[in-house]
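To start, the structure itself, in C-alpha cells.
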Amino acid sequence: MKLVEFFEELGKEDVDVAGGKGANLGELTNAGINVPPGFVITSETYDKFIKETGIFDEIMSILDAIDVNDTKELQGASARIKEIIMKAYVPDDIRTTIIEAYNALCQRIGKENAFVAIRSSATAEDLPEASFAGQQDTFLNIRGPEDVLIYVQKCWASLFESRAIFYREENNFDHSKVYIAVVVQEMVNAEKAGVMFTVHPSTGEEQILLEAAWGLGEAVVSGTVTPDTYWVDKKTGKVFNCNISEKNTMFTKDPEAGKTVQLDVPEDLKNKRVLSDEEIAALTKLGARIQEHYDFPQDTEWAMENGRVFMLQSRPITTLGMNNGTEAKEGAGEERTIITKGLGASPGMASGTVKIVKDTDELDKVGNGDILVTIMTTPDMVPAMKRANGIITDEGGVTCHAAIVSRELGISCVVGTGDATKILKENEMVTLDGNKGIVYKGKFEEAGKKEAAEEQPAAVAQAPILTVTEVKVNVSMPEAAKKAAATGADGVGLLRTEHMMLTSGVHPKKFINDGKEDELIKILVENVLKVADEFYPKPVWYRTLDAPTDEFISLEGGEGEPYEHNPMLGWRGIRRELDEPEILRAEFKAIKKLHEQGYTNIGIMIPLVQHPDELRRAKQIAEEVGLKPQKNIEFGIMVETPGAALIIEDFIAEGLDFVSFGTNDLTQYTLAIDRNNENVAKLYSEGHPAVLKLLVRVIKICNEAGVKTSICGQAGSMPKIVEKLVEAGIESVSANTDAVATVRETVARVEKKLVLKAARKMMSE
C-alpha cells in the first residue's frame, strides 16, 4: 500500500487512489500541462488512519443515527465527527511518510519550508455523474512539516462537513465507501486567477467561458467577488461578450505572516479589466488542448503568476444538457417590473416567497418553494438550497458555488446582482429568470414549480424529442442512476461493473476463496438493483467485469495480481473471466436473482471478445446457473477489437441478441495508438476512416441478421460520429449523462434529414 504518490505517478484512472482532483492533476502533469508540482496522500492512507486509530465505528454510528434534513442535528453530528478525527493521533509511519514527501517537494522547488496548498480530493469527487463542488476543504499558504500534518488531518475531517454528509445522503453514496485523498501542491501566489469552462456550461455550445478576478482564485470559486466574464467563440477565437465587473475584494498572501488574507482591491484595479486579449488567447488555446486531451468538456481552474499560466484543476462539466425548469418566454402578456439584474447562472424561471439568509443559523426558515436570497451561498447551505425554488445572490459569477450547485440540483439561479439582499423584502413574491439573469416583481404563470419538475424530469417534461433511434445513457456508478434516469434516456446502454466490485475494497476472487460468494452476489444485486429500479421497464445492459490487472492490485487479496507492461492489452474482460469462471458465475447468479424478482429488463454484455468461442463459453456458464441466453435474457457482446468487427458474421452464427461498440478500445487497437500516451495521443481519433469503416460494416451485417446495434464508447457522446452512425442505421446510441440531450437532438435532426432525402428521391423518380 502506497501512502503517497507524486503527480507524475498518477493519471485520470487513479480516482480510487488519489480522488478526482488528485487523479486529474496527475493526468494534466503527464499531458505536459503547466501544473504546480505536488503529491497526493492517498485514500488508502486515510483508510489506514481511521481504521488503526479505532475511530471508524464511532463515526459510522453517529452517521447512522442522524436525520440529515434537520439542519441543527446535522451540524452537531458533523462537529462531533470532526472533533474525533482531529483528536486522533496520526500513526508514526504515516507522519514520517508525509513529512518526507513534503521535504522532497521543497527540495524539488528549491525552497526550504515552501508554501503549499493542501486540498481535499474525495474518491467519488469530480466524476462525470456526480459533481462534489465545494464539499470538502482547501487550505492555502501552509508552510512547514508540522502545519502540513495538521492541515492534512483537517482535510480528512472535512469529509464529514455537514454539507458533505448531506450531499452523500441525497445522492445515495455509502459513507463507509467514500474515502478522501489529500493533495499537497506548491502554492501559486497568483496575481490573477479564475475559472474556465471549455464549452457553455448550460447549453454545451462551442463557447469558452472565462471568469477572472485579482489575487487567488478562491474569490471566484467561493463567489466572494463578482468576476469579469469573457465569452470566447472557439471557432474564431474572438471575444464576443465581455462584462467587466466591480471587484471589491481579493485573496492574497500576507508577505509578513505568510497566511492567506482577504483585502480590499486597490481603487485603480476595482473596475479595471483583469485579462488582456493576449492572456485570453493563451487561456483559450490551453482550454481547447485540455478538452481535446480528455475528449470531454472540462471545468478548469487557473492562476497567473509573473505572466505564467498554471492549471490548478480540471474536471468534467457535470451539468450539460440539463434544463432546470420552464424556459423564459417573451410576450406572455403580463406586466413585468424588474427589481434587479445579475447573471443567469442556472436556466429556467421560478417564482416564490423571498427568504433572506444572512447566516447559516437562518437556513431553517427556507421552506419548500421559497426563493433563497443571500450574499453568496456556502456549501453549508445545500440542504436549504435543495428546498428552495430558486436562488438569488449579491455576489458570484456563472462558475461560483451557487451556480454550480443550482445547475446540478435543477434550481433556477441568478447570481451577482450586487444588491438583492438589500432591495428585496422578506416574504415578498418574486419571479427570477435564470436564463437572462433578471428578478421580477410578483409571480408569473409560466414559472414552473420545482415540485412539478421533480415529478417529471425537466429533460422529459418540456416537449420531448421523439426519435426512432433510441438514445440511452451510460452509468458508471449505481449512485448516479437517478440523475441518469432524469435525462429521459431510453435505457442504459452500458452499466459498468467495475465500480461495484472495486469500491468494496476486496478482490472478487478473495470473496470466493474465503467461501463468501453469497456476499459478492449480494453486493452485485444491491448495486444493479439501484439502476434497474430507476429505469424499469427500460432495458439495462450490464457489462460483465472488465478491470485491467493494475486496478485489482490495491484491493485486499490483490497481492497476487500479475504485473503487466500494458494492462489494457492484457488479462482483462472476458479472457480473464473465462480463466476465472467463478467470478463470471457469481455475476450471472446475481443477474438471475434479479430476473427472478421481476427485473427482466436486464441484459448481459460480454466485453473485449475477439473469438466466437469466448461467446459460446460465456453462454454455457450462464446456462449452468439457470439463465437462458436469447430466451429469458438478452445476451450480447462489446465490439471493441478489430478481430470481433472483422468476423462479426461468426459471432452472429454463434447466436446473440445485440452488439455494442466500445469505440475507446476499438480506436486504439485499430490505429495502434495508446490513448493515454501523450506522444501519440494527437493521432487518436474515433473519426478515423478505418474505425468508421469497421463500425459501418458491423451495423450493416447485424441489421441484415436482425441483431440490434448500439454504441457505448465515448464516440456515442460526439455528435459528428453519432450523425454517421445514425445514417448507417444504428439502432441505439448510449451517451454520457451530460450528453444525452445533445445526442437526442442530433439523432432527431439526422433522422429528419434522412426522411427528407428519401422523400426528395421519390419525388424525382
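Simple scheme: letters A, B, ... for chains in C-alpha cells order, numbers from 1 for residues in each chain, numbers from 1 for ligands in the order shown.
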So which residues of range 230-268 of chain A fall under strand (DSSP E) by DSSP, listed as number ranges by chain?
A: 230-233, 239-243, 249-253, 260-264
For Met376 in chain A, find every residue with an atom within 12 Å (counting only C-alpha atoms), except residues of its own chain fewer than 4 positions away, and show them as number ranges by chain.
A: 219-226, 356-360, 372, 380-382, 385, 391-397, 400-403, 413-421
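The shell of residues at most 8 Å from Lys234 in chain A, with only C-alpha atoms counted and near chain neighbours (fewer than 2 positions) removed, consists of Glu206, Gln207, Ile208, Val232, Thr236, Gly237, Lys238 and Thr284 of chain A.
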Within 12 Å of Lys530 in chain A, counting only C-alpha atoms, which residues show up once you throw out same-chain ones fewer than 5 positions away? Write them as a ChimeraX atom specification, please.
/A:171-173,475,477-485,495,500,523-525,535-536,540,594,599
Of the residues A:Gly643, A:Gly369, A:Gly442, A:Gly716, which is the one nearest to Phe296 in chain A, using only C-alpha atoms?
A:Gly716
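Atom pair CA of Asn368 in chain A / CA of Arg387 in chain A has a distance of 4.7 Å (rounded to one decimal).
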Tell me, as a ChimeraX atom specification, which residues lie within 12 Å of Leu615 in chain A, counting only C-alpha atoms; anything in the same chain fewer than 6 positions away does not count.
/A:573-575,577-578,604-609,621-622,629,635-639,644,648,650-657,659
